[in-house]
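Visitor: Below is input01.tsv; it holds TSV, C-alpha atoms and all ligand atoms.
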```
chain	number	residue	atom	x	y	z
P	1	MET	CA	56.03	-10.00	40.98
P	2	ALA	CA	56.69	-6.29	40.76
P	3	SER	CA	56.13	-4.72	37.41
P	4	ASP	CA	55.38	-1.22	36.26
P	5	LYS	CA	53.74	-2.41	33.09
P	6	THR	CA	50.26	-1.42	32.01
P	7	LEU	CA	47.68	-3.62	30.33
P	8	SER	CA	45.14	-1.77	28.20
P	9	PHE	CA	41.79	-3.25	27.42
P	10	VAL	CA	40.24	-1.82	24.27
P	11	ILE	CA	36.48	-2.17	24.43
P	12	PRO	CA	34.32	-1.02	21.50
P	13	VAL	CA	30.74	-0.34	22.56
P	14	TYR	CA	27.71	0.45	20.47
P	15	ASN	CA	24.29	0.70	22.13
P	16	GLU	CA	25.35	-1.49	25.03
P	17	GLU	CA	23.84	0.26	28.06
P	18	ALA	CA	22.69	-3.09	29.41
P	19	ALA	CA	26.10	-4.71	29.08
P	20	VAL	CA	28.50	-2.07	30.45
P	21	GLY	CA	27.74	-2.68	34.14
P	22	PRO	CA	27.74	-6.49	33.96
P	23	PHE	CA	30.96	-6.32	31.95
P	24	LEU	CA	32.84	-4.59	34.75
P	25	ASP	CA	31.31	-6.89	37.35
P	26	GLY	CA	32.28	-9.93	35.30
P	27	MET	CA	35.82	-8.61	34.85
P	28	ALA	CA	36.35	-7.53	38.47
P	29	ASP	CA	37.79	-10.83	39.65
P	30	VAL	CA	40.24	-11.19	36.78
P	31	LEU	CA	41.24	-7.53	36.93
P	32	GLY	CA	42.02	-8.05	40.62
P	33	GLN	CA	44.27	-10.99	39.77
P	34	ILE	CA	46.02	-8.99	37.06
P	35	GLU	CA	46.68	-6.14	39.47
P	36	ALA	CA	47.87	-8.62	42.09
P	37	ARG	CA	50.49	-9.68	39.56
P	38	GLY	CA	51.76	-6.11	39.61
P	39	TYR	CA	50.26	-4.74	36.42
P	40	ARG	CA	48.42	-1.49	36.05
P	41	VAL	CA	45.14	-1.74	34.20
P	42	GLU	CA	43.62	0.69	31.72
P	43	LEU	CA	40.05	0.18	30.51
P	44	LEU	CA	39.64	2.12	27.30
P	45	PHE	CA	36.05	2.15	26.12
P	46	VAL	CA	35.36	3.43	22.62
P	47	ASP	CA	31.78	4.61	22.37
P	48	ASP	CA	30.96	4.07	18.73
P	49	GLY	CA	28.18	6.66	18.50
P	50	SER	CA	25.71	4.88	20.78
P	51	ARG	CA	22.19	6.29	20.75
P	52	ASP	CA	21.09	4.84	24.09
P	53	GLY	CA	22.35	5.40	27.63
P	54	THR	CA	25.75	3.83	26.99
P	55	LEU	CA	27.71	7.06	27.17
P	56	ALA	CA	26.02	8.11	30.42
P	57	ALA	CA	26.83	4.72	31.93
P	58	LEU	CA	30.44	5.07	30.82
P	59	THR	CA	30.99	8.61	32.08
P	60	GLU	CA	29.57	7.52	35.39
P	61	LEU	CA	32.20	4.78	35.47
P	62	VAL	CA	34.91	7.33	34.70
P	63	ALA	CA	33.89	9.29	37.79
P	64	ARG	CA	34.08	6.19	39.99
P	65	ASP	CA	37.00	4.27	38.54
P	66	ARG	CA	40.33	5.87	37.68
P	67	ARG	CA	41.25	3.02	35.34
P	68	VAL	CA	38.43	3.86	32.96
P	69	ARG	CA	38.90	6.07	29.90
P	70	VAL	CA	36.27	6.74	27.27
P	71	LEU	CA	36.66	7.89	23.69
P	72	GLU	CA	33.40	9.29	22.42
P	73	PHE	CA	32.87	9.08	18.65
P	74	SER	CA	30.89	11.75	16.83
P	75	ARG	CA	28.75	9.05	15.20
P	76	ASN	CA	28.72	5.30	14.53
P	77	PHE	CA	31.86	4.44	12.57
P	78	GLY	CA	31.71	0.66	13.02
P	79	LYS	CA	33.67	-1.78	15.13
P	80	GLU	CA	36.76	-1.75	12.92
P	81	ALA	CA	37.07	2.02	13.33
P	82	ALA	CA	36.42	1.75	17.07
P	83	LEU	CA	39.21	-0.80	17.43
P	84	THR	CA	41.55	1.38	15.39
P	85	ALA	CA	40.83	4.36	17.64
P	86	GLY	CA	41.39	2.20	20.71
P	87	LEU	CA	44.74	0.95	19.44
P	88	ASP	CA	45.77	4.51	18.59
P	89	ALA	CA	44.89	5.88	22.02
P	90	ALA	CA	45.75	3.02	24.40
P	91	ARG	CA	48.85	3.62	26.51
P	92	GLY	CA	49.56	0.10	27.74
P	93	ASP	CA	52.57	-2.13	27.18
P	94	ALA	CA	50.16	-4.76	25.98
P	95	LEU	CA	46.71	-4.24	24.47
P	96	ILE	CA	43.73	-6.54	24.69
P	97	PRO	CA	40.76	-5.82	22.44
P	98	ILE	CA	37.69	-7.39	24.04
P	99	ASP	CA	33.93	-7.24	23.40
P	100	VAL	CA	31.76	-5.68	26.05
P	101	ASP	CA	29.26	-8.57	25.94
P	102	LEU	CA	31.67	-10.97	27.72
P	103	GLN	CA	31.46	-13.49	24.88
P	104	ASP	CA	35.21	-13.60	25.34
P	105	PRO	CA	35.53	-15.13	28.84
P	106	PRO	CA	37.64	-13.01	31.24
P	107	GLN	CA	39.44	-16.06	32.65
P	108	VAL	CA	41.15	-16.53	29.29
P	109	ILE	CA	42.87	-13.16	29.71
P	110	LEU	CA	45.17	-14.66	32.33
P	111	GLN	CA	46.32	-17.27	29.82
P	112	LEU	CA	46.90	-14.55	27.22
P	113	ILE	CA	49.11	-12.72	29.71
P	114	ASP	CA	51.01	-15.92	30.60
P	115	ALA	CA	51.93	-16.41	26.95
P	116	TRP	CA	52.91	-12.75	26.63
P	117	GLU	CA	55.19	-13.06	29.65
P	118	GLN	CA	56.87	-15.98	27.89
P	119	GLY	CA	57.83	-13.60	25.09
P	120	TYR	CA	55.07	-13.94	22.53
P	121	GLU	CA	54.11	-10.63	20.94
P	122	VAL	CA	50.70	-11.74	19.73
P	123	VAL	CA	48.48	-14.15	21.65
P	124	LEU	CA	45.35	-15.15	19.76
P	125	GLY	CA	42.13	-16.27	21.37
P	126	HIS	CA	41.00	-19.21	19.27
P	127	ARG	CA	37.34	-20.25	19.43
P	128	THR	CA	37.07	-23.99	19.71
P	129	ASP	CA	33.34	-24.07	20.15
P	130	ARG	CA	30.95	-21.69	18.51
P	131	ALA	CA	27.83	-23.34	19.86
P	132	SER	CA	26.60	-19.97	21.09
P	133	ASP	CA	26.58	-18.66	17.51
P	134	SER	CA	23.74	-19.47	15.14
P	135	LEU	CA	24.08	-22.28	12.59
P	136	LEU	CA	24.04	-19.80	9.74
P	137	LYS	CA	26.76	-17.70	11.34
P	138	ARG	CA	28.97	-20.72	11.86
P	139	ALA	CA	28.50	-21.94	8.31
P	140	SER	CA	29.11	-18.52	6.80
P	141	ALA	CA	32.18	-18.05	8.98
P	142	ARG	CA	33.58	-21.35	7.75
P	143	TRP	CA	33.07	-20.36	4.13
P	144	PHE	CA	34.48	-16.92	4.70
P	145	TYR	CA	37.76	-18.29	6.06
P	146	ARG	CA	37.92	-20.84	3.27
P	147	VAL	CA	37.57	-18.17	0.57
P	148	VAL	CA	39.81	-15.60	2.23
P	149	ASN	CA	42.59	-18.08	2.86
P	150	ALA	CA	42.36	-19.38	-0.68
P	151	VAL	CA	42.95	-15.93	-2.15
P	152	ALA	CA	44.62	-13.76	0.50
P	153	ASP	CA	48.34	-13.08	0.45
P	154	THR	CA	48.62	-13.43	4.23
P	155	PRO	CA	46.44	-16.14	5.77
P	156	VAL	CA	43.84	-15.03	8.32
P	157	PRO	CA	43.75	-17.55	11.18
P	158	GLU	CA	40.45	-19.39	11.31
P	159	ASN	CA	37.97	-18.91	14.17
P	160	VAL	CA	40.04	-16.15	15.69
P	161	GLY	CA	38.15	-12.98	16.46
P	162	ASP	CA	39.43	-9.63	17.58
P	163	PHE	CA	39.93	-11.01	21.10
P	164	ARG	CA	43.69	-11.31	21.55
P	165	LEU	CA	46.66	-9.77	23.29
P	166	ILE	CA	49.11	-7.68	21.33
P	167	ASP	CA	52.39	-6.25	22.53
P	168	ARG	CA	53.14	-2.55	22.27
P	169	CYS	CA	55.43	-3.18	19.26
P	170	VAL	CA	52.53	-4.77	17.36
P	171	ALA	CA	50.27	-1.85	18.14
P	172	ASP	CA	52.94	0.54	16.90
P	173	ALA	CA	53.28	-1.48	13.70
P	174	LEU	CA	49.50	-1.36	13.19
P	175	LYS	CA	49.54	2.39	13.63
P	176	ARG	CA	51.94	2.66	10.71
P	177	LEU	CA	49.45	1.11	8.30
P	178	PRO	CA	47.92	4.11	6.58
P	179	GLU	CA	44.82	2.59	5.03
P	180	ARG	CA	41.47	4.09	5.93
P	181	ARG	CA	39.27	1.07	5.32
P	182	ARG	CA	40.40	-1.23	8.01
P	183	PHE	CA	39.66	-4.93	8.18
P	184	MET	CA	41.32	-5.45	11.54
P	185	LYS	CA	41.53	-9.24	11.49
P	186	GLY	CA	43.46	-9.03	8.24
P	187	LEU	CA	45.70	-6.20	9.43
P	188	PHE	CA	46.49	-8.07	12.64
P	189	ALA	CA	47.54	-11.07	10.56
P	190	TRP	CA	49.47	-8.96	8.06
P	191	VAL	CA	51.86	-7.38	10.60
P	192	GLY	CA	53.04	-10.81	11.74
P	193	PHE	CA	55.19	-11.12	14.94
P	194	ARG	CA	55.76	-14.10	17.21
P	195	THR	CA	52.33	-15.61	17.77
P	196	ALA	CA	50.85	-18.00	20.30
P	197	VAL	CA	47.31	-19.38	20.38
P	198	VAL	CA	45.04	-19.93	23.37
P	199	ASP	CA	41.86	-21.98	22.93
P	200	TYR	CA	38.61	-20.91	24.50
P	201	GLN	CA	34.90	-21.46	24.28
P	202	ARG	CA	32.80	-18.57	23.14
P	203	ALA	CA	30.14	-17.75	25.72
P	204	PRO	CA	26.67	-16.40	25.03
P	205	ARG	CA	26.08	-12.65	25.23
P	206	ILE	CA	25.53	-11.32	28.81
P	207	ALA	CA	23.00	-8.68	27.77
P	208	GLY	CA	21.62	-6.89	24.75
P	209	THR	CA	21.64	-8.24	21.19
P	210	THR	CA	24.22	-8.72	18.48
P	211	LYS	CA	25.07	-5.63	16.43
P	212	PHE	CA	25.99	-7.64	13.35
P	213	SER	CA	23.12	-8.45	11.03
P	214	GLY	CA	23.55	-10.87	8.15
P	215	TRP	CA	23.93	-7.97	5.72
P	216	LYS	CA	26.61	-6.31	7.87
P	217	LEU	CA	28.52	-9.59	8.10
P	218	TRP	CA	28.27	-10.09	4.34
P	219	ASN	CA	29.75	-6.64	3.79
P	220	LEU	CA	32.48	-7.32	6.32
P	221	ALA	CA	33.32	-10.50	4.42
P	222	LEU	CA	33.53	-8.61	1.10
P	223	GLU	CA	35.70	-6.03	2.84
P	224	GLY	CA	37.98	-8.77	4.10
P	225	ILE	CA	38.38	-10.36	0.71
P	226	THR	CA	38.89	-7.17	-1.27
P	227	SER	CA	41.26	-5.57	1.21
P	228	PHE	CA	43.63	-8.49	1.25
P	229	SER	CA	43.57	-9.87	-2.24
P	230	THR	CA	43.35	-8.78	-5.82
P	231	ALA	CA	42.58	-12.33	-6.91
P	232	PRO	CA	38.96	-11.45	-7.80
P	233	LEU	CA	40.33	-8.94	-10.32
P	234	ARG	CA	42.71	-11.45	-11.86
P	235	LEU	CA	39.97	-14.04	-12.11
P	236	TRP	CA	38.40	-12.13	-15.00
P	237	THR	CA	41.54	-12.35	-17.10
P	238	TYR	CA	41.41	-16.12	-16.89
P	239	LEU	CA	37.68	-16.31	-17.37
P	240	GLY	CA	37.89	-14.00	-20.38
P	241	ALA	CA	40.66	-16.09	-21.87
P	242	ALA	CA	38.71	-19.31	-21.29
P	243	VAL	CA	35.52	-17.96	-22.85
P	244	ALA	CA	37.42	-16.55	-25.84
P	245	LEU	CA	39.12	-19.89	-26.38
P	246	LEU	CA	35.80	-21.70	-26.21
P	247	ALA	CA	34.29	-19.24	-28.67
P	248	PHE	CA	37.20	-19.78	-31.04
P	249	PHE	CA	36.72	-23.55	-31.07
P	250	TYR	CA	33.00	-23.13	-31.43
P	251	ALA	CA	33.60	-20.90	-34.47
P	252	LEU	CA	35.88	-23.53	-35.99
P	253	TYR	CA	33.20	-26.12	-35.37
P	254	ILE	CA	30.56	-24.00	-37.11
P	255	VAL	CA	32.79	-23.38	-40.13
P	256	PHE	CA	33.51	-27.06	-40.30
P	257	ARG	CA	29.83	-27.94	-40.07
P	258	VAL	CA	28.80	-25.46	-42.76
P	259	LEU	CA	31.51	-26.63	-45.15
P	260	TRP	CA	30.88	-30.33	-44.70
P	261	LEU	CA	27.23	-30.64	-43.90
P	262	GLY	CA	25.85	-27.60	-45.73
P	263	VAL	CA	24.24	-24.45	-44.37
P	264	ASP	CA	21.77	-24.72	-41.53
P	265	LEU	CA	19.95	-21.71	-40.20
P	266	PRO	CA	18.64	-22.62	-36.75
P	267	GLY	CA	20.82	-21.18	-34.07
P	268	TYR	CA	18.63	-18.63	-32.42
P	269	ALA	CA	18.75	-20.40	-29.06
P	270	SER	CA	22.51	-20.84	-28.98
P	271	LEU	CA	22.96	-17.21	-30.00
P	272	LEU	CA	20.72	-15.92	-27.28
P	273	VAL	CA	22.38	-18.11	-24.65
P	274	ALA	CA	25.81	-16.92	-25.69
P	275	VAL	CA	24.77	-13.25	-25.69
P	276	LEU	CA	23.09	-13.47	-22.30
P	277	PHE	CA	25.93	-15.46	-20.79
P	278	MET	CA	28.55	-13.04	-22.00
P	279	GLY	CA	26.45	-10.08	-20.91
P	280	GLY	CA	26.19	-11.51	-17.41
P	281	VAL	CA	29.87	-12.33	-17.22
P	282	GLN	CA	30.79	-8.83	-18.33
P	283	LEU	CA	28.48	-7.21	-15.79
P	284	ILE	CA	29.98	-9.25	-12.97
P	285	GLY	CA	33.45	-8.32	-14.19
P	286	ILE	CA	32.54	-4.65	-14.20
P	287	GLY	CA	31.06	-5.04	-10.74
P	288	VAL	CA	34.31	-6.47	-9.39
P	289	LEU	CA	36.29	-3.71	-11.07
P	290	GLY	CA	33.92	-1.20	-9.52
P	291	GLU	CA	34.42	-2.71	-6.08
P	292	TYR	CA	38.15	-2.12	-6.25
P	293	LEU	CA	37.77	1.27	-7.89
P	294	GLY	CA	35.46	2.21	-5.02
P	295	ARG	CA	38.11	1.18	-2.54
P	296	VAL	CA	40.72	3.28	-4.33
P	297	TYR	CA	38.28	6.17	-4.33
P	298	THR	CA	37.65	6.05	-0.58
P	299	GLU	CA	41.39	5.70	0.09
P	300	VAL	CA	42.44	8.69	-2.01
P	301	LYS	CA	39.91	10.89	-0.25
P	302	GLN	CA	42.08	10.44	2.84
P	303	ARG	CA	39.27	10.98	5.26
P	304	PRO	CA	40.06	9.99	8.84
P	305	THR	CA	38.87	6.54	9.93
P	306	TYR	CA	36.97	8.00	12.87
P	307	ILE	CA	36.23	11.28	14.61
P	308	VAL	CA	36.42	11.64	18.38
P	309	ARG	CA	34.02	14.15	19.87
P	310	ARG	CA	35.47	14.01	23.37
P	311	GLU	CA	37.70	12.03	25.62
P	312	HIS	CA	36.72	11.29	29.20
P	313	GLY	CA	39.04	10.27	32.01
P	314	GLY	CA	42.65	9.18	31.81
P	315	GLN	CA	44.15	12.42	33.13
I	401	LIG	N1	30.33	-2.79	18.11
I	401	LIG	C1	30.79	-1.49	17.83
I	401	LIG	N2	30.30	-0.84	16.72
I	401	LIG	C2	29.39	-1.40	15.86
I	401	LIG	C3	28.95	-2.72	16.16
I	401	LIG	C4	29.45	-3.38	17.27
I	401	LIG	O1	31.61	-0.95	18.55
I	401	LIG	O2	28.99	-0.75	14.90
I	401	LIG	C5	30.84	-3.50	19.31
I	401	LIG	C6	29.78	-4.06	20.23
I	401	LIG	O3	29.31	-3.09	21.14
I	401	LIG	C7	30.50	-5.19	20.92
I	401	LIG	C8	31.47	-5.69	19.84
I	401	LIG	O4	31.56	-4.64	18.88
I	401	LIG	O5	31.26	-4.78	22.04
I	401	LIG	C9	31.00	-6.97	19.20
I	401	LIG	O6	29.67	-6.82	18.74
I	401	LIG	P1	28.61	-7.99	18.82
I	401	LIG	O7	28.70	-8.67	20.14
I	401	LIG	O8	27.28	-7.41	18.46
I	401	LIG	O9	29.10	-8.95	17.66
I	401	LIG	P2	29.03	-10.56	17.66
I	401	LIG	O10	29.67	-11.01	18.93
I	401	LIG	O11	27.58	-10.90	17.61
I	401	LIG	O12	29.78	-10.93	16.43
I	402	MG	MG	29.19	-10.47	20.78
```
Please go through the file and, once you have read it, give me the structure as structure tokens.
Ligand code: UDP
Ligand code: MG

Guide:
Amino acid sequence: MASDKTLSFVIPVYNEEAAVGPFLDGMADVLGQIEARGYRVELLFVDDGSRDGTLAALTELVARDRRVRVLEFSRNFGKEAALTAGLDAARGDALIPIDVDLQDPPQVILQLIDAWEQGYEVVLGHRTDRASDSLLKRASARWFYRVVNAVADTPVPENVGDFRLIDRCVADALKRLPERRRFMKGLFAWVGFRTAVVDYQRAPRIAGTTKFSGWKLWNLALEGITSFSTAPLRLWTYLGAAVALLAFFYALYIVFRVLWLGVDLPGYASLLVAVLFMGGVQLIGIGVLGEYLGRVYTEVKQRPTYIVRREHGGQ
């Protein structure tokens, strides 16, 4: 099949010197098949401020392989920023974000392309088996999707990572979203388009270690919830109303008791409990408000999502 279309792989890398080489080796077979189908391939690495030999390994690839391009960030901006930069810079007719650790098996890419050729604009890689992830990660992921999909305006598909194929039109739509704090999974879901799903099993990492600690994942989860829903803000209206109503009935009850049964003084414990409870509730409420205010603050500053120091290759 002759085709002058280009497929861009967007590969965020952060301290992955041990994985870059094996990644290309592991992809070689599939890349060969893709090229045999008549596609051009672009491998766009986004070096997210690595502090090890990753950049050296990448620039060496650029010298050897014309398909390789590298965006070099000025510091670590995080995977979401790296993906955003990749989507902004990729030139392909279809874009495939993929991790450098080959946890997303290359063979699946062929299925993604098949679905794209059938006319789907988004082809999701759906993880059927997360056995290679820790128990804690699986459990937290399950809860995350449960919460997000309970409150978010656009559902985020469960067990779908950033590994997917998106058509050029989807990438262009994503570029039009102006927000600076980018929760890519949510943005991908928000833009919509005709979507197909391909199941796959998530493999273990080929080299190196995961870059996402529990704390980083927790923050990513908060980011996901607050960027796609204002339900946590609304919650306080209802909670406030409920507590006020309770307090009103409690007051009625006290008046009733004093009038009918006579005055009784004890009440220190109930007072303290009520004060502490309300204090806690108010602090949480302020915290949630602050979370959203903080988001507004970072958005109005209009700082760029990432800064590229240099671009290598792709001329
Ligand atoms: N990554 C990145 N910037 C970061 C953290 C991670 O570009 O700040 C990249 C990393 O190099 C890898 C991908 O994001 O290619 C996924 O990271 P990882 O495999 O550590 O995440 P996990 O698969 O454990 O969720
Ligand atoms: Mg990984």

Visitor: Got a sec to check which residues lie within 10 Å of ligand MG 402 (chain I), using only C-alpha atoms and all ligand atoms, and send them as a list in words?

Guide: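 Using only C-alpha atoms and all ligand atoms, everything at most 10 Å from ligand MG 402 (chain I) comes to Ile98, Asp99, Val100, Asp101, Leu102, Gln103, Asp104, Ser132, Asp133, Arg202, Ala203, Pro204, Arg205, Ile206, Ala207, Gly208, Thr209, Thr210, Lys211 and Phe212 of chain P.
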
Visitor: Work out where the centre of an axis-aligned box around every listed atom of ligand LIG 401 (chain I) lies and how long its edges are once 4 Å is added on each side; give both in Å to one decimal as AutoDock Vina command-line options.

Guide:
```
--center_x 29.4 --center_y -5.9 --center_z 18.5 --size_x 12.3 --size_y 18.3 --size_z 15.1
```

Visitor: Between P:Ala196, P:Leu187, P:Ile225, P:Ala150, which residue has the minimum interatomic distance to Glu117 of chain P, considering all atoms listed in the file?

Guide: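 Among the listed residues, P:Ala196 lies closest to Glu117 of chain P.
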
Visitor: Kindly indicate which residue among P:Gly125, P:Gly186, P:Pro266, P:Pro304 lies nearest to Pro105 of chain P, using all atoms listed in the file for the distances.

Guide: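 Between P:Gly125, P:Gly186, P:Pro266, P:Pro304, the residue approaching Pro105 of chain P most closely is P:Gly125.
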
Visitor: State, in Å with one decimal place, the distance from atom CA of Pro178 of chain P to atom C3 of ligand LIG 401 (chain I).

Guide: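 One can read the atom CA of Pro178 of chain P to atom C3 of ligand LIG 401 (chain I) distance as 22.3 Å.
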
Visitor: Could you work out how far atom CA of Ile109 of chain P lies from atom CA of Arg194 of chain P, giving the answer in Å with one decimal?

Guide: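 Going from atom CA of Arg194 of chain P over to atom CA of Ile109 of chain P, I get 18.0 Å.
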
Visitor: Just the number, please: distance in Å from atom CA of Ser8 of chain P to atom CA of Ala141 of chain P, one decimal.

Guide: 28.3 Å

Visitor: Select, from P:Leu55, P:Ala82, P:Leu165, P:Leu252, the residue with the minimum atom-to-atom distance to ligand LIG 401 (chain I), counting only C-alpha atoms and all ligand atoms.

Guide: P:Ala82

Visitor: Pick the closest to Met27 of chain P from P:Asn76, P:Thr59, P:Thr6, P:Gln107: which is it, counting all atoms listed in the file?

Guide: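 The answer is P:Gln107, which sits nearest to Met27 of chain P.
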
Visitor: Can you sort out segment 234-243 of chain P so it carries all heavy atoms, written as a PDB file, in the frame of the given file?

Guide:
```
ATOM      1  N   ARG P 234      41.937 -10.623 -10.930  1.00  0.00           N
ATOM      2  CA  ARG P 234      42.710 -11.450 -11.860  1.00  0.00           C
ATOM      3  C   ARG P 234      41.833 -12.538 -12.467  1.00  0.00           C
ATOM      4  O   ARG P 234      42.027 -12.953 -13.590  1.00  0.00           O
ATOM      5  CB  ARG P 234      43.877 -12.073 -11.094  1.00  0.00           C
ATOM      6  CG  ARG P 234      45.147 -12.119 -11.903  1.00  0.00           C
ATOM      7  CD  ARG P 234      46.311 -12.518 -11.042  1.00  0.00           C
ATOM      8  NE  ARG P 234      46.508 -11.609  -9.923  1.00  0.00           N
ATOM      9  CZ  ARG P 234      46.939 -12.008  -8.731  1.00  0.00           C
ATOM     10  NH1 ARG P 234      47.175 -13.275  -8.499  1.00  0.00           N
ATOM     11  NH2 ARG P 234      47.106 -11.123  -7.766  1.00  0.00           N
ATOM     12  N   LEU P 235      40.869 -12.971 -11.667  1.00  0.00           N
ATOM     13  CA  LEU P 235      39.970 -14.040 -12.110  1.00  0.00           C
ATOM     14  C   LEU P 235      39.401 -13.751 -13.497  1.00  0.00           C
ATOM     15  O   LEU P 235      39.269 -14.643 -14.322  1.00  0.00           O
ATOM     16  CB  LEU P 235      38.835 -14.155 -11.094  1.00  0.00           C
ATOM     17  CG  LEU P 235      37.780 -15.210 -11.331  1.00  0.00           C
ATOM     18  CD1 LEU P 235      38.389 -16.568 -11.049  1.00  0.00           C
ATOM     19  CD2 LEU P 235      36.590 -14.986 -10.405  1.00  0.00           C
ATOM     20  N   TRP P 236      39.086 -12.467 -13.747  1.00  0.00           N
ATOM     21  CA  TRP P 236      38.400 -12.130 -15.000  1.00  0.00           C
ATOM     22  C   TRP P 236      39.300 -12.288 -16.198  1.00  0.00           C
ATOM     23  O   TRP P 236      38.850 -12.582 -17.294  1.00  0.00           O
ATOM     24  CB  TRP P 236      37.817 -10.720 -14.919  1.00  0.00           C
ATOM     25  CG  TRP P 236      36.822 -10.735 -13.823  1.00  0.00           C
ATOM     26  CD1 TRP P 236      36.987 -10.259 -12.565  1.00  0.00           C
ATOM     27  CD2 TRP P 236      35.571 -11.393 -13.844  1.00  0.00           C
ATOM     28  NE1 TRP P 236      35.915 -10.567 -11.801  1.00  0.00           N
ATOM     29  CE2 TRP P 236      35.025 -11.265 -12.565  1.00  0.00           C
ATOM     30  CE3 TRP P 236      34.865 -12.089 -14.820  1.00  0.00           C
ATOM     31  CZ2 TRP P 236      33.787 -11.791 -12.228  1.00  0.00           C
ATOM     32  CZ3 TRP P 236      33.638 -12.612 -14.481  1.00  0.00           C
ATOM     33  CH2 TRP P 236      33.111 -12.462 -13.202  1.00  0.00           C
ATOM     34  N   THR P 237      40.595 -12.121 -16.005  1.00  0.00           N
ATOM     35  CA  THR P 237      41.540 -12.350 -17.100  1.00  0.00           C
ATOM     36  C   THR P 237      41.441 -13.800 -17.548  1.00  0.00           C
ATOM     37  O   THR P 237      41.330 -14.095 -18.740  1.00  0.00           O
ATOM     38  CB  THR P 237      42.968 -12.062 -16.612  1.00  0.00           C
ATOM     39  OG1 THR P 237      42.932 -10.888 -15.807  1.00  0.00           O
ATOM     40  CG2 THR P 237      43.909 -11.889 -17.759  1.00  0.00           C
ATOM     41  N   TYR P 238      41.446 -14.700 -16.551  1.00  0.00           N
ATOM     42  CA  TYR P 238      41.410 -16.120 -16.890  1.00  0.00           C
ATOM     43  C   TYR P 238      40.064 -16.502 -17.486  1.00  0.00           C
ATOM     44  O   TYR P 238      39.984 -17.239 -18.462  1.00  0.00           O
ATOM     45  CB  TYR P 238      41.689 -16.952 -15.633  1.00  0.00           C
ATOM     46  CG  TYR P 238      43.100 -16.772 -15.139  1.00  0.00           C
ATOM     47  CD1 TYR P 238      43.366 -16.117 -13.952  1.00  0.00           C
ATOM     48  CD2 TYR P 238      44.175 -17.247 -15.891  1.00  0.00           C
ATOM     49  CE1 TYR P 238      44.656 -15.935 -13.506  1.00  0.00           C
ATOM     50  CE2 TYR P 238      45.469 -17.068 -15.458  1.00  0.00           C
ATOM     51  CZ  TYR P 238      45.707 -16.413 -14.272  1.00  0.00           C
ATOM     52  OH  TYR P 238      46.990 -16.232 -13.841  1.00  0.00           O
ATOM     53  N   LEU P 239      39.007 -15.977 -16.873  1.00  0.00           N
ATOM     54  CA  LEU P 239      37.680 -16.310 -17.370  1.00  0.00           C
ATOM     55  C   LEU P 239      37.512 -15.797 -18.795  1.00  0.00           C
ATOM     56  O   LEU P 239      37.007 -16.503 -19.673  1.00  0.00           O
ATOM     57  CB  LEU P 239      36.615 -15.694 -16.458  1.00  0.00           C
ATOM     58  CG  LEU P 239      35.274 -16.400 -16.554  1.00  0.00           C
ATOM     59  CD1 LEU P 239      35.365 -17.763 -15.901  1.00  0.00           C
ATOM     60  CD2 LEU P 239      34.191 -15.576 -15.880  1.00  0.00           C
ATOM     61  N   GLY P 240      37.969 -14.578 -19.044  1.00  0.00           N
ATOM     62  CA  GLY P 240      37.890 -14.000 -20.380  1.00  0.00           C
ATOM     63  C   GLY P 240      38.646 -14.862 -21.380  1.00  0.00           C
ATOM     64  O   GLY P 240      38.142 -15.175 -22.466  1.00  0.00           O
ATOM     65  N   ALA P 241      39.843 -15.267 -20.984  1.00  0.00           N
ATOM     66  CA  ALA P 241      40.660 -16.090 -21.870  1.00  0.00           C
ATOM     67  C   ALA P 241      39.956 -17.412 -22.156  1.00  0.00           C
ATOM     68  O   ALA P 241      39.901 -17.872 -23.311  1.00  0.00           O
ATOM     69  CB  ALA P 241      42.018 -16.330 -21.242  1.00  0.00           C
ATOM     70  N   ALA P 242      39.377 -18.017 -21.125  1.00  0.00           N
ATOM     71  CA  ALA P 242      38.710 -19.310 -21.290  1.00  0.00           C
ATOM     72  C   ALA P 242      37.515 -19.182 -22.225  1.00  0.00           C
ATOM     73  O   ALA P 242      37.338 -19.994 -23.144  1.00  0.00           O
ATOM     74  CB  ALA P 242      38.263 -19.832 -19.922  1.00  0.00           C
ATOM     75  N   VAL P 243      36.713 -18.140 -22.023  1.00  0.00           N
ATOM     76  CA  VAL P 243      35.520 -17.960 -22.850  1.00  0.00           C
ATOM     77  C   VAL P 243      35.924 -17.678 -24.304  1.00  0.00           C
ATOM     78  O   VAL P 243      35.353 -18.221 -25.249  1.00  0.00           O
ATOM     79  CB  VAL P 243      34.643 -16.822 -22.297  1.00  0.00           C
ATOM     80  CG1 VAL P 243      33.531 -16.476 -23.277  1.00  0.00           C
ATOM     81  CG2 VAL P 243      34.048 -17.233 -20.967  1.00  0.00           C
TER      82      VAL P 243
END
```
